[in-house]
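Text of protein-v2.cif (mmCIF, N, CA and C atoms) as supplied:
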```cif
data_final
loop_
_atom_site.label_atom_id
_atom_site.label_comp_id
_atom_site.auth_asym_id
_atom_site.auth_seq_id
_atom_site.Cartn_x
_atom_site.Cartn_y
_atom_site.Cartn_z
N MET A 1 155.21 64.73 90.82
CA MET A 1 154.05 64.40 90.03
C MET A 1 154.37 63.11 89.27
N SER A 2 153.34 62.32 89.06
CA SER A 2 153.57 61.03 88.40
C SER A 2 153.74 61.21 86.90
N PRO A 3 154.46 60.31 86.30
CA PRO A 3 154.66 60.40 84.86
C PRO A 3 153.36 60.24 84.09
N LEU A 4 152.41 59.46 84.65
CA LEU A 4 151.14 59.26 83.96
C LEU A 4 150.36 60.56 83.91
N GLY A 5 150.36 61.30 85.04
CA GLY A 5 149.64 62.56 85.09
C GLY A 5 150.24 63.59 84.16
N SER A 6 151.56 63.62 84.07
CA SER A 6 152.18 64.61 83.20
C SER A 6 151.95 64.28 81.74
N SER A 7 151.94 62.98 81.38
CA SER A 7 151.73 62.64 79.97
C SER A 7 150.28 62.87 79.57
N ARG A 8 149.38 62.78 80.56
CA ARG A 8 147.98 63.02 80.26
C ARG A 8 147.75 64.50 79.94
N ARG A 9 148.47 65.34 80.61
CA ARG A 9 148.33 66.77 80.38
C ARG A 9 148.96 67.19 79.04
N THR A 10 150.01 66.56 78.69
CA THR A 10 150.70 66.97 77.47
C THR A 10 150.10 66.33 76.24
N GLY A 11 149.28 65.36 76.41
CA GLY A 11 148.68 64.71 75.24
C GLY A 11 149.68 63.87 74.50
N GLY A 12 150.37 62.99 75.23
CA GLY A 12 151.40 62.15 74.63
C GLY A 12 150.83 61.24 73.54
N GLY A 13 151.69 60.56 72.85
CA GLY A 13 151.30 59.74 71.71
C GLY A 13 150.60 58.46 72.08
N ASP A 14 150.44 58.15 73.38
CA ASP A 14 149.83 56.88 73.75
C ASP A 14 148.31 56.98 73.91
N GLY A 15 147.66 58.06 73.51
CA GLY A 15 146.20 58.18 73.55
C GLY A 15 145.65 58.73 74.85
N THR A 16 146.52 59.22 75.73
CA THR A 16 146.04 59.73 77.01
C THR A 16 145.39 61.11 76.86
N GLY A 17 145.57 61.79 75.77
CA GLY A 17 144.91 63.08 75.53
C GLY A 17 143.41 62.92 75.39
N LYS A 18 142.97 61.71 75.06
CA LYS A 18 141.53 61.45 74.96
C LYS A 18 140.86 61.54 76.33
N LEU A 19 141.64 61.29 77.39
CA LEU A 19 141.08 61.42 78.74
C LEU A 19 140.73 62.87 79.04
N ASP A 20 141.55 63.80 78.56
CA ASP A 20 141.25 65.22 78.76
C ASP A 20 139.95 65.60 78.05
N VAL A 21 139.77 65.11 76.85
CA VAL A 21 138.55 65.41 76.09
C VAL A 21 137.35 64.78 76.79
N LEU A 22 137.51 63.54 77.24
CA LEU A 22 136.43 62.87 77.93
C LEU A 22 136.06 63.61 79.21
N TRP A 23 137.08 64.05 79.95
CA TRP A 23 136.83 64.79 81.18
C TRP A 23 136.15 66.13 80.89
N SER A 24 136.56 66.82 79.87
CA SER A 24 135.98 68.13 79.57
C SER A 24 134.54 68.01 79.07
N VAL A 25 134.17 66.86 78.50
CA VAL A 25 132.80 66.66 78.04
C VAL A 25 131.93 66.09 79.17
N SER A 26 132.48 65.15 79.93
CA SER A 26 131.66 64.47 80.93
C SER A 26 131.43 65.33 82.17
N TYR A 27 132.36 66.19 82.53
CA TYR A 27 132.19 66.99 83.73
C TYR A 27 130.97 67.91 83.65
N PRO A 28 130.78 68.70 82.58
CA PRO A 28 129.57 69.52 82.51
C PRO A 28 128.30 68.67 82.45
N LEU A 29 128.39 67.52 81.80
CA LEU A 29 127.23 66.64 81.73
C LEU A 29 126.86 66.13 83.13
N LEU A 30 127.83 65.69 83.88
CA LEU A 30 127.56 65.22 85.24
C LEU A 30 127.08 66.36 86.15
N ALA A 31 127.64 67.52 85.98
CA ALA A 31 127.21 68.67 86.78
C ALA A 31 125.75 69.02 86.46
N GLY A 32 125.40 69.00 85.20
CA GLY A 32 124.01 69.28 84.82
C GLY A 32 123.04 68.24 85.35
N LEU A 33 123.43 66.98 85.27
CA LEU A 33 122.57 65.92 85.80
C LEU A 33 122.44 66.00 87.31
N SER A 34 123.51 66.40 87.98
CA SER A 34 123.43 66.51 89.44
C SER A 34 122.48 67.63 89.85
N LEU A 35 122.30 68.62 89.00
CA LEU A 35 121.32 69.67 89.27
C LEU A 35 119.92 69.27 88.82
N LEU A 36 119.83 68.45 87.80
CA LEU A 36 118.55 68.06 87.25
C LEU A 36 117.84 67.00 88.08
N PHE A 37 118.57 66.05 88.63
CA PHE A 37 117.95 64.95 89.37
C PHE A 37 117.18 65.42 90.60
N PRO A 38 117.69 66.31 91.42
CA PRO A 38 116.87 66.78 92.56
C PRO A 38 115.59 67.47 92.10
N LEU A 39 115.67 68.22 91.02
CA LEU A 39 114.48 68.88 90.50
C LEU A 39 113.45 67.85 90.05
N LEU A 40 113.90 66.84 89.33
CA LEU A 40 112.98 65.79 88.88
C LEU A 40 112.40 65.03 90.07
N PHE A 41 113.19 64.76 91.08
CA PHE A 41 112.70 64.07 92.27
C PHE A 41 111.65 64.92 92.98
N TRP A 42 111.89 66.23 93.08
CA TRP A 42 110.94 67.13 93.73
C TRP A 42 109.62 67.16 92.96
N LEU A 43 109.69 67.26 91.63
CA LEU A 43 108.47 67.27 90.83
C LEU A 43 107.71 65.96 90.96
N ARG A 44 108.43 64.86 90.98
CA ARG A 44 107.77 63.56 91.11
C ARG A 44 107.08 63.43 92.47
N SER A 45 107.73 63.89 93.53
CA SER A 45 107.13 63.78 94.86
C SER A 45 105.89 64.67 94.96
N ARG A 46 105.93 65.85 94.35
CA ARG A 46 104.74 66.72 94.36
C ARG A 46 103.60 66.10 93.59
N ASN A 47 103.91 65.50 92.44
CA ASN A 47 102.88 64.87 91.63
C ASN A 47 102.29 63.68 92.38
N THR A 48 103.13 62.90 93.03
CA THR A 48 102.66 61.74 93.77
C THR A 48 101.77 62.18 94.92
N ALA A 49 102.14 63.24 95.62
CA ALA A 49 101.33 63.74 96.73
C ALA A 49 99.98 64.24 96.23
N ALA A 50 99.97 64.89 95.08
CA ALA A 50 98.71 65.38 94.52
C ALA A 50 97.80 64.22 94.13
N VAL A 51 98.37 63.19 93.55
CA VAL A 51 97.57 62.03 93.16
C VAL A 51 97.00 61.34 94.40
N ARG A 52 97.82 61.21 95.44
CA ARG A 52 97.33 60.59 96.68
C ARG A 52 96.21 61.41 97.30
N ALA A 53 96.35 62.73 97.32
CA ALA A 53 95.31 63.58 97.89
C ALA A 53 94.03 63.48 97.09
N GLU A 54 94.15 63.39 95.78
CA GLU A 54 92.96 63.25 94.93
C GLU A 54 92.27 61.92 95.19
N ARG A 55 93.05 60.86 95.32
CA ARG A 55 92.46 59.55 95.62
C ARG A 55 91.80 59.55 96.99
N ARG A 56 92.46 60.18 97.96
CA ARG A 56 91.90 60.24 99.30
C ARG A 56 90.59 61.01 99.30
N ALA A 57 90.53 62.11 98.57
CA ALA A 57 89.30 62.90 98.49
C ALA A 57 88.21 62.11 97.80
N GLY A 58 88.57 61.35 96.79
CA GLY A 58 87.59 60.52 96.10
C GLY A 58 87.07 59.40 96.98
N ALA A 59 87.93 58.87 97.86
CA ALA A 59 87.51 57.79 98.75
C ALA A 59 86.60 58.30 99.85
N GLU A 60 86.81 59.55 100.30
CA GLU A 60 85.98 60.11 101.36
C GLU A 60 84.59 60.45 100.85
N GLU A 61 84.48 60.84 99.62
CA GLU A 61 83.19 61.19 99.05
C GLU A 61 82.39 59.93 98.80
N PRO A 62 81.12 59.88 99.21
CA PRO A 62 80.33 58.69 98.96
C PRO A 62 80.11 58.44 97.47
N GLY A 63 79.97 59.50 96.69
CA GLY A 63 79.77 59.34 95.26
C GLY A 63 81.05 59.01 94.52
N GLY A 64 82.19 59.32 95.12
CA GLY A 64 83.48 58.98 94.55
C GLY A 64 84.09 60.07 93.71
N GLY A 65 83.33 60.92 93.06
CA GLY A 65 83.89 61.94 92.20
C GLY A 65 83.70 63.32 92.78
N THR A 66 84.27 64.29 92.12
CA THR A 66 84.14 65.65 92.62
C THR A 66 82.79 66.25 92.26
N GLY A 67 82.11 65.69 91.28
CA GLY A 67 80.83 66.23 90.86
C GLY A 67 79.66 65.42 91.38
N SER A 68 79.80 64.76 92.52
CA SER A 68 78.73 63.92 93.04
C SER A 68 77.57 64.77 93.53
N PRO A 69 76.35 64.24 93.47
CA PRO A 69 75.17 65.01 93.92
C PRO A 69 75.23 65.34 95.41
N GLU A 70 75.81 64.46 96.22
CA GLU A 70 75.88 64.72 97.65
C GLU A 70 76.70 65.96 97.94
N ARG A 71 77.77 66.12 97.21
CA ARG A 71 78.63 67.29 97.41
C ARG A 71 77.89 68.56 96.97
N GLY A 72 77.16 68.48 95.89
CA GLY A 72 76.39 69.64 95.43
C GLY A 72 75.33 70.04 96.45
N ASP A 73 74.68 69.05 97.07
CA ASP A 73 73.68 69.35 98.10
C ASP A 73 74.32 70.00 99.31
N ARG A 74 75.50 69.51 99.66
CA ARG A 74 76.20 70.07 100.81
C ARG A 74 76.60 71.52 100.55
N VAL A 75 77.10 71.79 99.36
CA VAL A 75 77.48 73.17 99.00
C VAL A 75 76.25 74.06 98.98
N ARG A 76 75.17 73.55 98.43
CA ARG A 76 73.93 74.32 98.35
C ARG A 76 73.42 74.66 99.76
N SER A 77 73.52 73.71 100.69
CA SER A 77 73.06 73.99 102.05
C SER A 77 73.95 75.04 102.72
N HIS A 78 75.27 74.98 102.46
CA HIS A 78 76.16 76.01 103.01
C HIS A 78 75.84 77.38 102.43
N HIS A 79 75.53 77.42 101.16
CA HIS A 79 75.17 78.70 100.54
C HIS A 79 73.87 79.23 101.14
N GLY A 80 72.93 78.33 101.41
CA GLY A 80 71.66 78.75 102.03
C GLY A 80 71.91 79.34 103.41
N ARG A 81 72.77 78.69 104.21
CA ARG A 81 73.07 79.22 105.54
C ARG A 81 73.78 80.56 105.43
N ALA A 82 74.68 80.69 104.48
CA ALA A 82 75.39 81.96 104.31
C ALA A 82 74.40 83.07 103.93
N PHE A 83 73.43 82.74 103.07
CA PHE A 83 72.41 83.72 102.70
C PHE A 83 71.60 84.15 103.91
N GLU A 84 71.25 83.20 104.79
CA GLU A 84 70.50 83.53 106.00
C GLU A 84 71.30 84.46 106.90
N PHE A 85 72.59 84.17 107.08
CA PHE A 85 73.42 85.02 107.93
C PHE A 85 73.56 86.42 107.36
N ILE A 86 73.74 86.51 106.05
CA ILE A 86 73.87 87.83 105.43
C ILE A 86 72.56 88.60 105.53
N SER A 87 71.44 87.91 105.33
CA SER A 87 70.14 88.57 105.46
C SER A 87 69.94 89.11 106.86
N GLU A 88 70.30 88.30 107.87
CA GLU A 88 70.17 88.74 109.26
C GLU A 88 71.07 89.94 109.54
N ALA A 89 72.29 89.92 109.02
CA ALA A 89 73.21 91.04 109.22
C ALA A 89 72.67 92.31 108.57
N LEU A 90 72.09 92.19 107.39
CA LEU A 90 71.52 93.36 106.73
C LEU A 90 70.32 93.90 107.51
N ARG A 91 69.50 93.00 108.06
CA ARG A 91 68.34 93.44 108.84
C ARG A 91 68.81 94.20 110.09
N ILE A 92 69.83 93.67 110.76
CA ILE A 92 70.38 94.34 111.94
C ILE A 92 70.95 95.69 111.56
N ASP A 93 71.66 95.77 110.42
CA ASP A 93 72.23 97.03 109.96
C ASP A 93 71.14 98.05 109.67
N GLU A 94 70.06 97.61 109.05
CA GLU A 94 68.95 98.54 108.76
C GLU A 94 68.31 99.02 110.05
N ASP A 95 68.17 98.13 111.06
CA ASP A 95 67.61 98.54 112.34
C ASP A 95 68.51 99.57 113.01
N GLU A 96 69.82 99.39 112.90
CA GLU A 96 70.76 100.34 113.48
C GLU A 96 70.65 101.69 112.79
N GLN A 97 70.44 101.70 111.50
CA GLN A 97 70.30 102.96 110.77
C GLN A 97 69.03 103.68 111.20
N VAL A 98 67.95 102.93 111.44
CA VAL A 98 66.70 103.54 111.90
C VAL A 98 66.91 104.12 113.29
N ARG A 99 67.60 103.38 114.15
CA ARG A 99 67.85 103.87 115.51
C ARG A 99 68.74 105.11 115.50
N SER A 100 69.69 105.16 114.58
CA SER A 100 70.58 106.33 114.54
C SER A 100 69.85 107.55 114.00
N ALA A 101 68.70 107.34 113.34
CA ALA A 101 67.92 108.46 112.84
C ALA A 101 67.05 109.08 113.94
N LEU A 102 66.99 108.46 115.13
CA LEU A 102 66.19 109.01 116.24
C LEU A 102 66.82 110.29 116.75
N PRO A 103 66.01 111.15 117.33
CA PRO A 103 66.55 112.39 117.91
C PRO A 103 67.51 112.08 119.06
N PRO A 104 68.46 112.97 119.32
CA PRO A 104 69.46 112.72 120.37
C PRO A 104 68.85 112.51 121.75
N LYS A 105 67.71 113.15 122.04
CA LYS A 105 67.08 113.00 123.35
C LYS A 105 66.66 111.56 123.60
N VAL A 106 66.05 110.96 122.57
CA VAL A 106 65.60 109.57 122.69
C VAL A 106 66.81 108.64 122.82
N LYS A 107 67.88 108.94 122.12
CA LYS A 107 69.09 108.12 122.20
C LYS A 107 69.65 108.13 123.61
N THR A 108 69.76 109.31 124.23
CA THR A 108 70.31 109.38 125.58
C THR A 108 69.39 108.70 126.58
N LYS A 109 68.08 108.82 126.37
CA LYS A 109 67.14 108.15 127.27
C LYS A 109 67.33 106.63 127.18
N ARG A 110 67.42 106.11 125.97
CA ARG A 110 67.61 104.66 125.78
C ARG A 110 68.95 104.21 126.36
N THR A 111 69.98 105.03 126.21
CA THR A 111 71.29 104.69 126.74
C THR A 111 71.23 104.63 128.26
N ARG A 112 70.53 105.59 128.90
CA ARG A 112 70.40 105.58 130.36
C ARG A 112 69.58 104.38 130.81
N ASP A 113 68.53 104.05 130.07
CA ASP A 113 67.73 102.89 130.42
C ASP A 113 68.56 101.61 130.35
N LEU A 114 69.37 101.50 129.34
CA LEU A 114 70.21 100.30 129.19
C LEU A 114 71.29 100.26 130.28
N ALA A 115 71.83 101.40 130.63
CA ALA A 115 72.89 101.45 131.63
C ALA A 115 72.33 101.32 133.04
N GLY A 116 71.03 101.51 133.22
CA GLY A 116 70.41 101.40 134.54
C GLY A 116 70.57 102.66 135.37
N ILE A 117 70.75 103.78 134.74
CA ILE A 117 70.93 105.04 135.47
C ILE A 117 69.58 105.67 135.70
#
```
Show the structure stored in the file as structure tokens.
Amino acid sequence: MSPLGSSRRTGGGDGTGKLDVLWSVSYPLLAGLSLLFPLLFWLRSRNTAAVRAERRAGAEEPGGGTGSPERGDRVRSHHGRAFEFISEALRIDEDEQVRSALPPKVKTKRTRDLAGI
């Protein structure tokens, strides 16, 4: 072992014991920063991606904002179509309930007619 290394460990009178103190303070600090920097980089990249997506969405919209009238009209038209589909499904369901209320004889006759028997 070198004489410099041994004097550093023993804390000789030439001030080399300060290196031990510096190492004991700086090592946890560097370890903490090495864990913190990837986290900060990840957060920054997520924030940057969100800002880009928001800008892209704003550029695609003719009005530019999220509350533009064109977007409201588009949502309203989709809601109207959804209402029509639901209304049609309910009408079909009610017709099925009426058909299931028929006597079994009529049901078998209709089934044979549909099957071509």
Could you jot down the atom CA of Ser45 of chain A to atom CA of Leu29 of chain A separation for me, Å, one decimal place?
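Straight-line distance from atom CA of Ser45 of chain A to atom CA of Leu29 of chain A works out to 24.2 Å.
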Between atom CA of Glu94 of chain A and atom C of Ala82 of chain A - distance in Å to one decimal:
17.1 Å
Where is the centre and how long are the edges: axis-aligned box on segment 36-40 of chain A, 3 Å on each side, Å to one decimal, as lines of an AutoDock Vina configuration file:
```
center_x = 116.1
center_y = 66.9
center_z = 89.9
size_x = 13.4
size_y = 9.9
size_z = 11.3
```
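For the pair atom C of Gln97 of chain A and atom CA of Thr111 of chain A, the separation is 15.7 Å.
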